[in-house]
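Shown below: work-v7.cif, with mmCIF, C-alpha atoms.
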```
data_final
#
loop_
_atom_site.label_atom_id
_atom_site.label_comp_id
_atom_site.auth_asym_id
_atom_site.auth_seq_id
_atom_site.Cartn_x
_atom_site.Cartn_y
_atom_site.Cartn_z
CA MET A 12 97.87 -47.29 -99.22
CA LEU A 13 101.17 -48.95 -98.33
CA LYS A 14 101.31 -50.72 -94.99
CA THR A 15 104.11 -49.60 -92.73
CA PRO A 16 106.91 -50.11 -92.09
CA ALA A 17 107.54 -50.27 -95.81
CA ILE A 18 110.56 -50.90 -98.00
CA VAL A 19 110.13 -49.16 -101.35
CA LEU A 20 112.63 -49.95 -104.09
CA ASN A 21 113.09 -47.51 -106.96
CA VAL A 22 114.90 -49.37 -109.74
CA LYS A 23 115.57 -46.19 -111.78
CA THR A 24 116.95 -47.18 -115.21
CA TYR A 25 119.61 -49.60 -114.04
CA GLU A 26 120.26 -52.38 -116.53
CA GLU A 27 119.94 -54.89 -113.68
CA ALA A 28 116.27 -53.97 -113.34
CA ILE A 29 114.96 -53.57 -116.88
CA GLY A 30 112.50 -55.95 -118.54
CA LYS A 31 112.89 -59.53 -117.35
CA ASN A 32 115.35 -58.31 -114.71
CA ALA A 33 112.67 -56.04 -113.26
CA VAL A 34 110.32 -59.01 -113.01
CA SER A 35 113.00 -61.16 -111.38
CA LEU A 36 113.72 -58.46 -108.81
CA ALA A 37 110.02 -57.98 -108.10
CA LYS A 38 109.67 -61.72 -107.54
CA SER A 39 112.58 -61.67 -105.08
CA MET A 40 110.88 -58.85 -103.19
CA GLU A 41 107.63 -60.81 -103.14
CA THR A 42 109.47 -63.84 -101.76
CA VAL A 43 110.92 -61.81 -98.89
CA ALA A 44 107.62 -60.06 -98.26
CA ASN A 45 105.91 -63.43 -97.93
CA GLU A 46 108.66 -64.78 -95.68
CA THR A 47 108.78 -61.81 -93.32
CA GLY A 48 105.43 -60.04 -93.58
CA VAL A 49 107.27 -56.79 -94.33
CA GLU A 50 105.59 -54.54 -96.90
CA MET A 51 107.69 -54.30 -100.06
CA ALA A 52 106.90 -52.15 -103.09
CA ILE A 53 108.79 -51.67 -106.33
CA ALA A 54 108.87 -48.59 -108.58
CA VAL A 55 109.76 -49.53 -112.15
CA MET A 56 110.04 -47.91 -115.56
CA ASP A 57 106.73 -47.32 -117.34
CA THR A 58 107.59 -50.04 -119.83
CA ASP A 59 107.81 -52.63 -117.04
CA ILE A 60 104.74 -51.77 -114.97
CA PHE A 61 102.34 -54.08 -116.81
CA ARG A 62 104.66 -57.07 -116.91
CA CYS A 63 105.53 -56.77 -113.20
CA VAL A 64 101.89 -56.34 -112.18
CA ASN A 65 101.06 -59.55 -114.01
CA GLU A 66 103.85 -61.51 -112.31
CA VAL A 67 103.77 -60.43 -108.65
CA ASN A 68 101.33 -59.40 -105.95
CA ILE A 69 103.46 -56.74 -104.26
CA PRO A 70 102.59 -53.07 -104.92
CA VAL A 71 104.04 -51.77 -108.20
CA PHE A 72 104.66 -48.02 -108.51
CA ALA A 73 105.49 -45.74 -111.42
CA GLU A 74 108.74 -43.83 -111.07
CA HIS A 75 107.15 -40.61 -112.32
CA ILE A 76 104.02 -39.05 -113.77
CA ASP A 77 103.53 -35.76 -115.59
CA PRO A 78 100.75 -33.24 -114.90
CA ILE A 79 98.95 -33.84 -118.18
CA LYS A 80 95.63 -35.01 -119.54
CA PRO A 81 95.20 -37.20 -122.63
CA GLY A 82 96.18 -35.34 -125.77
CA SER A 83 99.24 -34.12 -127.65
CA HIS A 84 102.03 -34.74 -125.13
CA THR A 85 104.53 -36.94 -126.97
CA GLY A 86 107.11 -38.50 -124.67
CA TRP A 87 105.37 -37.53 -121.42
CA THR A 88 103.93 -39.89 -118.81
CA LEU A 89 100.15 -39.85 -118.52
CA PRO A 90 98.87 -40.51 -114.98
CA ASN A 91 95.86 -42.55 -116.02
CA ALA A 92 98.06 -44.63 -118.35
CA VAL A 93 100.22 -45.89 -115.48
CA LYS A 94 97.05 -46.58 -113.54
CA ASP A 95 95.65 -48.53 -116.48
CA ALA A 96 98.92 -50.49 -116.69
CA GLY A 97 98.31 -51.64 -113.13
CA ALA A 98 100.41 -49.29 -111.00
CA VAL A 99 99.01 -48.63 -107.52
CA GLY A 100 101.10 -45.55 -106.88
CA THR A 101 103.78 -43.20 -108.10
CA LEU A 102 106.87 -41.34 -107.03
CA ILE A 103 106.69 -37.58 -107.56
CA ASN A 104 109.61 -35.13 -107.69
CA HIS A 105 112.50 -37.56 -107.31
CA SER A 106 115.81 -35.69 -107.06
CA GLU A 107 116.72 -37.07 -110.49
CA HIS A 108 113.45 -35.77 -111.96
CA ARG A 109 112.59 -32.61 -110.09
CA LEU A 110 109.45 -30.61 -110.70
CA LYS A 111 108.26 -27.09 -110.03
CA LEU A 112 105.96 -26.72 -107.03
CA ALA A 113 102.93 -26.08 -109.24
CA ASP A 114 103.65 -29.26 -111.20
CA ILE A 115 104.12 -31.27 -107.99
CA ASP A 116 100.70 -30.07 -106.85
CA ALA A 117 99.14 -30.93 -110.22
CA CYS A 118 100.75 -34.39 -110.29
CA LEU A 119 99.45 -35.01 -106.79
CA SER A 120 95.94 -34.02 -107.83
CA PHE A 121 96.05 -36.34 -110.84
CA ALA A 122 97.37 -39.18 -108.69
CA LYS A 123 94.53 -38.70 -106.23
CA ASP A 124 91.99 -38.55 -109.09
CA PHE A 125 93.16 -41.96 -110.28
CA ASP A 126 93.53 -43.44 -106.81
CA LEU A 127 97.31 -43.76 -107.02
CA ASP A 128 99.34 -43.76 -103.83
CA GLN A 129 101.66 -40.77 -103.75
CA ILE A 130 105.24 -40.51 -102.51
CA ILE A 131 106.64 -36.99 -102.88
CA CYS A 132 110.43 -36.95 -102.72
CA THR A 133 112.12 -34.07 -100.91
CA ASN A 134 115.69 -33.07 -100.13
CA ASN A 135 115.49 -31.28 -96.76
CA ILE A 136 113.22 -30.37 -93.88
CA LYS A 137 111.79 -27.23 -95.51
CA THR A 138 110.77 -29.02 -98.69
CA SER A 139 109.39 -31.87 -96.59
CA MET A 140 107.13 -29.34 -94.87
CA ALA A 141 106.02 -27.88 -98.21
CA ALA A 142 105.28 -31.33 -99.55
CA ALA A 143 103.34 -32.31 -96.43
CA ALA A 144 101.11 -29.26 -96.88
CA LEU A 145 99.93 -30.75 -100.17
CA GLY A 146 98.64 -33.86 -98.38
CA PRO A 147 100.33 -36.84 -100.06
CA HIS A 148 100.34 -40.31 -98.56
CA PHE A 149 104.09 -40.11 -97.95
CA VAL A 150 107.01 -37.72 -98.06
CA ALA A 151 110.37 -39.37 -98.76
CA VAL A 152 113.32 -37.26 -97.64
CA GLU A 153 116.57 -37.95 -99.50
CA PRO A 154 119.57 -35.58 -99.43
CA PRO A 155 120.69 -35.78 -103.09
CA GLU A 156 124.39 -35.74 -102.25
CA LEU A 157 123.99 -39.07 -100.44
CA ILE A 158 121.89 -40.86 -103.07
CA GLY A 159 123.77 -43.83 -104.48
CA GLY A 160 126.47 -43.50 -101.84
CA ASP A 161 127.86 -46.01 -99.38
CA ILE A 162 126.82 -44.22 -96.18
CA SER A 163 123.20 -43.95 -95.10
CA VAL A 164 121.50 -40.66 -94.36
CA THR A 165 120.60 -42.18 -90.98
CA THR A 166 124.30 -42.18 -90.12
CA VAL A 167 125.52 -39.01 -91.82
CA ASP A 168 122.57 -36.74 -91.09
CA PRO A 169 120.04 -38.37 -88.75
CA GLY A 170 118.69 -34.92 -87.89
CA ILE A 171 117.23 -34.47 -91.35
CA VAL A 172 115.18 -37.64 -90.82
CA SER A 173 113.92 -36.90 -87.32
CA GLY A 174 113.51 -33.22 -88.21
CA SER A 175 111.47 -34.05 -91.28
CA VAL A 176 109.29 -36.42 -89.26
CA ASP A 177 108.60 -33.73 -86.66
CA ALA A 178 108.02 -31.04 -89.27
CA VAL A 179 105.72 -33.15 -91.41
CA LYS A 180 103.64 -34.22 -88.42
CA THR A 181 103.29 -30.57 -87.43
CA ILE A 182 101.89 -29.76 -90.87
CA ASN A 183 99.78 -32.88 -91.45
CA ASP A 184 99.77 -35.78 -89.02
CA SER A 185 98.27 -38.14 -91.61
CA VAL A 186 101.29 -37.90 -93.93
CA GLY A 187 103.85 -40.68 -93.51
CA VAL A 188 107.61 -40.17 -93.80
CA LEU A 189 110.06 -42.41 -95.60
CA CYS A 190 113.79 -41.80 -95.77
CA GLY A 191 116.41 -42.70 -98.32
CA ALA A 192 119.91 -42.03 -99.67
CA GLY A 193 122.58 -44.58 -98.91
CA VAL A 194 120.22 -47.06 -97.19
CA LYS A 195 121.71 -50.50 -97.76
CA ASN A 196 121.10 -52.85 -94.82
CA GLY A 197 118.86 -53.81 -91.95
CA LYS A 198 120.73 -51.60 -89.50
CA ASP A 199 120.01 -48.56 -91.69
CA VAL A 200 116.32 -49.50 -91.81
CA GLN A 201 116.18 -50.01 -88.04
CA MET A 202 117.77 -46.63 -87.44
CA ALA A 203 115.35 -44.95 -89.84
CA LEU A 204 112.41 -46.38 -87.91
CA GLU A 205 113.97 -45.36 -84.59
CA LEU A 206 114.26 -41.80 -85.96
CA GLY A 207 110.51 -41.83 -86.61
CA ALA A 208 110.33 -42.76 -90.29
CA GLN A 209 107.74 -45.30 -91.41
CA GLY A 210 109.96 -46.95 -93.97
CA VAL A 211 112.70 -46.42 -96.52
CA LEU A 212 113.08 -45.61 -100.20
CA LEU A 213 116.21 -47.07 -101.77
CA ALA A 214 117.70 -48.13 -105.08
CA SER A 215 121.28 -49.13 -105.81
CA GLY A 216 121.80 -50.94 -102.50
CA VAL A 217 119.50 -53.65 -103.83
CA VAL A 218 119.57 -53.23 -107.60
CA LYS A 219 123.37 -53.38 -107.83
CA ALA A 220 123.79 -56.15 -105.25
CA GLU A 221 125.10 -59.53 -106.41
CA ASN A 222 122.81 -61.43 -104.04
CA LYS A 223 119.59 -59.45 -104.07
CA LEU A 224 117.64 -61.93 -101.96
CA GLU A 225 120.24 -61.77 -99.22
CA VAL A 226 120.19 -57.96 -99.19
CA LEU A 227 116.39 -57.85 -99.18
CA ARG A 228 116.23 -60.26 -96.25
CA ASP A 229 118.77 -58.15 -94.39
CA LEU A 230 116.75 -55.00 -95.02
CA ALA A 231 113.56 -56.69 -93.82
CA SER A 232 115.32 -57.72 -90.61
CA GLY A 233 115.47 -54.07 -89.62
CA CYS A 234 111.68 -53.68 -89.58
#
```
As a first step, turn the structure in this file into structure tokens.
Amino acid sequence: MLKTPAIVLNVKTYEEAIGKNAVSLAKSMETVANETGVEMAIAVMDTDIFRCVNEVNIPVFAEHIDPIKPGSHTGWTLPNAVKDAGAVGTLINHSEHRLKLADIDACLSFAKDFDLDQIICTNNIKTSMAAAALGPHFVAVEPPELIGGDISVTTVDPGIVSGSVDAVKTINDSVGVLCGAGVKNGKDVQMALELGAQGVLLASGVVKAENKLEVLRDLASGC
């Protein structure tokens, strides 16, 4: 499982993080992880899992899995396939790829079957509680209206972070909490940790940055 505090980067499908760019970004994260000792993990497209795993030693996650077994499921993402590609974990229920509760539960079960770390994404305190009841490694709370924005959730709505931490711990004390949406710098990370989170999940703040190493070092400074 991820060590905490952790910085988890979801590259989505940004052009700046596809193919060789995904590898380059993963290498930058590895550099900063080695410099600072801060745990860094990258979630990449399925097509880039294998190549990243073979280039870096930081944890590589899938961005999504589907609740399916091998068979006739054209275009879906098979949990054991991302495991076989080298992924150590997966995001589940990102706000840009939401699932029904039954499918979240099934994806979680598959992830556990294949020893994949699980980060269930949520959008508020109530869904954080529901996710915690399923027993994932982490819940990552991200208000969707702030994702990709310029202001961090820790500034706009710190109560959703601290409230999710308290709620999750009430349901299952072994579940960690990450926070995201608008996280861009070390101050945002520091505030997230002060609010009780064990790390952050972010994307565009790093992926779209001109100097990715500089941003990553700044983020790590908040841990």
Residue contacts of Trp87 (chain A) (8 Å, only C-alpha atoms) excluding same-chain residues fewer than 3 positions away, as a list in words:
Ile76, Asp77 and His84 of chain A
Counting only C-alpha atoms, find the residues whose atoms lie at most 9 Å from (97.6, -50.1, -108.5) (file coordinates) and write them out as an NGL selection string.
:A and (64 or 70-72 or 93-100 or 126-128)
Shell of 10 Å around Leu212 (chain A), only C-alpha atoms, local chain residues under 4 positions omitted, as a PDB file with C-alpha atoms, in the coordinates of the input:
```pdb
ATOM      1  CA  ALA A  17     107.540 -50.270 -95.810  1.00  0.00           C
ATOM      2  CA  ILE A  18     110.560 -50.900 -98.000  1.00  0.00           C
ATOM      3  CA  VAL A  19     110.130 -49.160-101.350  1.00  0.00           C
ATOM      4  CA  LEU A  20     112.630 -49.950-104.090  1.00  0.00           C
ATOM      5  CA  ASN A  21     113.090 -47.510-106.960  1.00  0.00           C
ATOM      6  CA  ALA A  52     106.900 -52.150-103.090  1.00  0.00           C
ATOM      7  CA  ILE A  53     108.790 -51.670-106.330  1.00  0.00           C
ATOM      8  CA  ALA A  54     108.870 -48.590-108.580  1.00  0.00           C
ATOM      9  CA  ILE A 130     105.240 -40.510-102.510  1.00  0.00           C
ATOM     10  CA  CYS A 132     110.430 -36.950-102.720  1.00  0.00           C
ATOM     11  CA  ALA A 151     110.370 -39.370 -98.760  1.00  0.00           C
ATOM     12  CA  VAL A 152     113.320 -37.260 -97.640  1.00  0.00           C
ATOM     13  CA  GLU A 153     116.570 -37.950 -99.500  1.00  0.00           C
ATOM     14  CA  LEU A 189     110.060 -42.410 -95.600  1.00  0.00           C
ATOM     15  CA  CYS A 190     113.790 -41.800 -95.770  1.00  0.00           C
ATOM     16  CA  GLY A 191     116.410 -42.700 -98.320  1.00  0.00           C
ATOM     17  CA  ALA A 192     119.910 -42.030 -99.670  1.00  0.00           C
ATOM     18  CA  GLY A 193     122.580 -44.580 -98.910  1.00  0.00           C
ATOM     19  CA  VAL A 194     120.220 -47.060 -97.190  1.00  0.00           C
ATOM     20  CA  VAL A 200     116.320 -49.500 -91.810  1.00  0.00           C
TER      21      VAL A 200
END
```
Selection near region 219-230 of chain A, 6 Å with only C-alpha atoms, sequence-local residues under 5 positions removed, as a PyMOL selection string:
chain A and resi 39+196-197
Listing only residues of region 88-133 of chain A within 12 Å of region 138-150 of chain A, what is the closest atom pair and its distance in Å (to one decimal) for each, using all atoms listed in the file, sorted by chain and residue number ascending, as a tab-separated table?
```
residue	atom	partner	partner_atom	distance
A:Gly100	CA	A:His148	CA	9.9
A:Thr101	CA	A:His148	CA	10.5
A:Leu102	CA	A:Phe149	CA	9.6
A:Ile103	CA	A:Val150	CA	9.5
A:Asn104	CA	A:Ala142	CA	10.0
A:His105	CA	A:Val150	CA	10.8
A:Ser106	CA	A:Thr138	CA	11.8
A:Leu110	CA	A:Ala142	CA	11.9
A:Lys111	CA	A:Ala142	CA	11.7
A:Leu112	CA	A:Ala142	CA	8.8
A:Ala113	CA	A:Leu145	CA	10.6
A:Asp114	CA	A:Leu145	CA	11.7
A:Ile115	CA	A:Ala142	CA	8.5
A:Asp116	CA	A:Leu145	CA	6.8
A:Ala117	CA	A:Leu145	CA	10.1
A:Cys118	CA	A:Pro147	CA	10.5
A:Leu119	CA	A:Pro147	CA	7.0
A:Ser120	CA	A:Leu145	CA	9.2
A:Phe121	CA	A:Pro147	CA	11.6
A:Ala122	CA	A:Pro147	CA	9.4
A:Lys123	CA	A:Pro147	CA	8.7
A:Asp126	CA	A:His148	CA	11.1
A:Leu127	CA	A:His148	CA	9.6
A:Asp128	CA	A:His148	CA	6.4
A:Gln129	CA	A:His148	CA	5.4
A:Ile130	CA	A:Phe149	CA	4.7
A:Ile131	CA	A:Val150	CA	4.9
A:Cys132	CA	A:Val150	CA	5.8
A:Thr133	CA	A:Ser139	CA	5.6
```
Surrounding residues of Ala178 (chain A) excluding itself and chain neighbours under 2 positions, 9 Å, only C-alpha atoms, as a ChimeraX atom specification
/A:136-137,139-140,143,173-176,180-183
With all atoms listed in the file as the basis for distance, which of A:Ile79, A:Leu89, A:Ile69, A:Leu213 is at the shortest distance from Glu41 (chain A)?
A:Ile69
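Residues surrounding Cys234 (chain A) within 12 Å are A:Thr15, A:Pro16, A:Ala17, A:Ile18, A:Ala44, A:Thr47, A:Gly48, A:Val49, A:Glu50, A:Met51, A:Asn196, A:Gly197, A:Lys198, A:Asp199, A:Val200, A:Gln201, A:Met202, A:Ala203, A:Leu204, A:Glu205, A:Ala208, A:Gln209, A:Gly210, A:Val211, A:Leu227, A:Arg228, A:Asp229 [only C-alpha atoms; sequence separation below 5 positions excluded].
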Expected file contents, prior selection, C-alpha atoms, as an mmCIF file, in the frame of the given file:
```
data_model
loop_
_atom_site.group_PDB
_atom_site.id
_atom_site.type_symbol
_atom_site.label_atom_id
_atom_site.label_comp_id
_atom_site.auth_asym_id
_atom_site.auth_seq_id
_atom_site.Cartn_x
_atom_site.Cartn_y
_atom_site.Cartn_z
ATOM 1 C CA THR A 15 104.110 -49.600 -92.730
ATOM 2 C CA PRO A 16 106.910 -50.110 -92.090
ATOM 3 C CA ALA A 17 107.540 -50.270 -95.810
ATOM 4 C CA ILE A 18 110.560 -50.900 -98.000
ATOM 5 C CA ALA A 44 107.620 -60.060 -98.260
ATOM 6 C CA THR A 47 108.780 -61.810 -93.320
ATOM 7 C CA GLY A 48 105.430 -60.040 -93.580
ATOM 8 C CA VAL A 49 107.270 -56.790 -94.330
ATOM 9 C CA GLU A 50 105.590 -54.540 -96.900
ATOM 10 C CA MET A 51 107.690 -54.300 -100.060
ATOM 11 C CA ASN A 196 121.100 -52.850 -94.820
ATOM 12 C CA GLY A 197 118.860 -53.810 -91.950
ATOM 13 C CA LYS A 198 120.730 -51.600 -89.500
ATOM 14 C CA ASP A 199 120.010 -48.560 -91.690
ATOM 15 C CA VAL A 200 116.320 -49.500 -91.810
ATOM 16 C CA GLN A 201 116.180 -50.010 -88.040
ATOM 17 C CA MET A 202 117.770 -46.630 -87.440
ATOM 18 C CA ALA A 203 115.350 -44.950 -89.840
ATOM 19 C CA LEU A 204 112.410 -46.380 -87.910
ATOM 20 C CA GLU A 205 113.970 -45.360 -84.590
ATOM 21 C CA ALA A 208 110.330 -42.760 -90.290
ATOM 22 C CA GLN A 209 107.740 -45.300 -91.410
ATOM 23 C CA GLY A 210 109.960 -46.950 -93.970
ATOM 24 C CA VAL A 211 112.700 -46.420 -96.520
ATOM 25 C CA LEU A 227 116.390 -57.850 -99.180
ATOM 26 C CA ARG A 228 116.230 -60.260 -96.250
ATOM 27 C CA ASP A 229 118.770 -58.150 -94.390
#
```
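When CA of Asp184 (chain A) is paired with CA of Gly233 (chain A), their separation reads 24.1 Å.
Straight-line separation from CA of Glu27 (chain A) to CA of His75 (chain A): 19.2 Å.
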What residues come out when you apply the PyMOL selection byres ((chain A and resi 30) around 9) to this file, written as a ChimeraX atom specification?
/A:26-29,31-35,56,58-59,62-63
So which residues fall inside 9 Å of (93.8, -35.7, -120.0) if we count all atoms listed in the file? Mind giving them as a ChimeraX atom specification?
/A:78-82,89-91
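Taking CA of Val186 (chain A) as the reference point, CA of Tyr25 (chain A) is found at 29.6 Å.
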Considering all atoms listed in the file, state which residue in the set A:Met12, A:Glu107, A:Ser232, A:Glu46 is at the smallest distance from Ser185 (chain A).
A:Met12
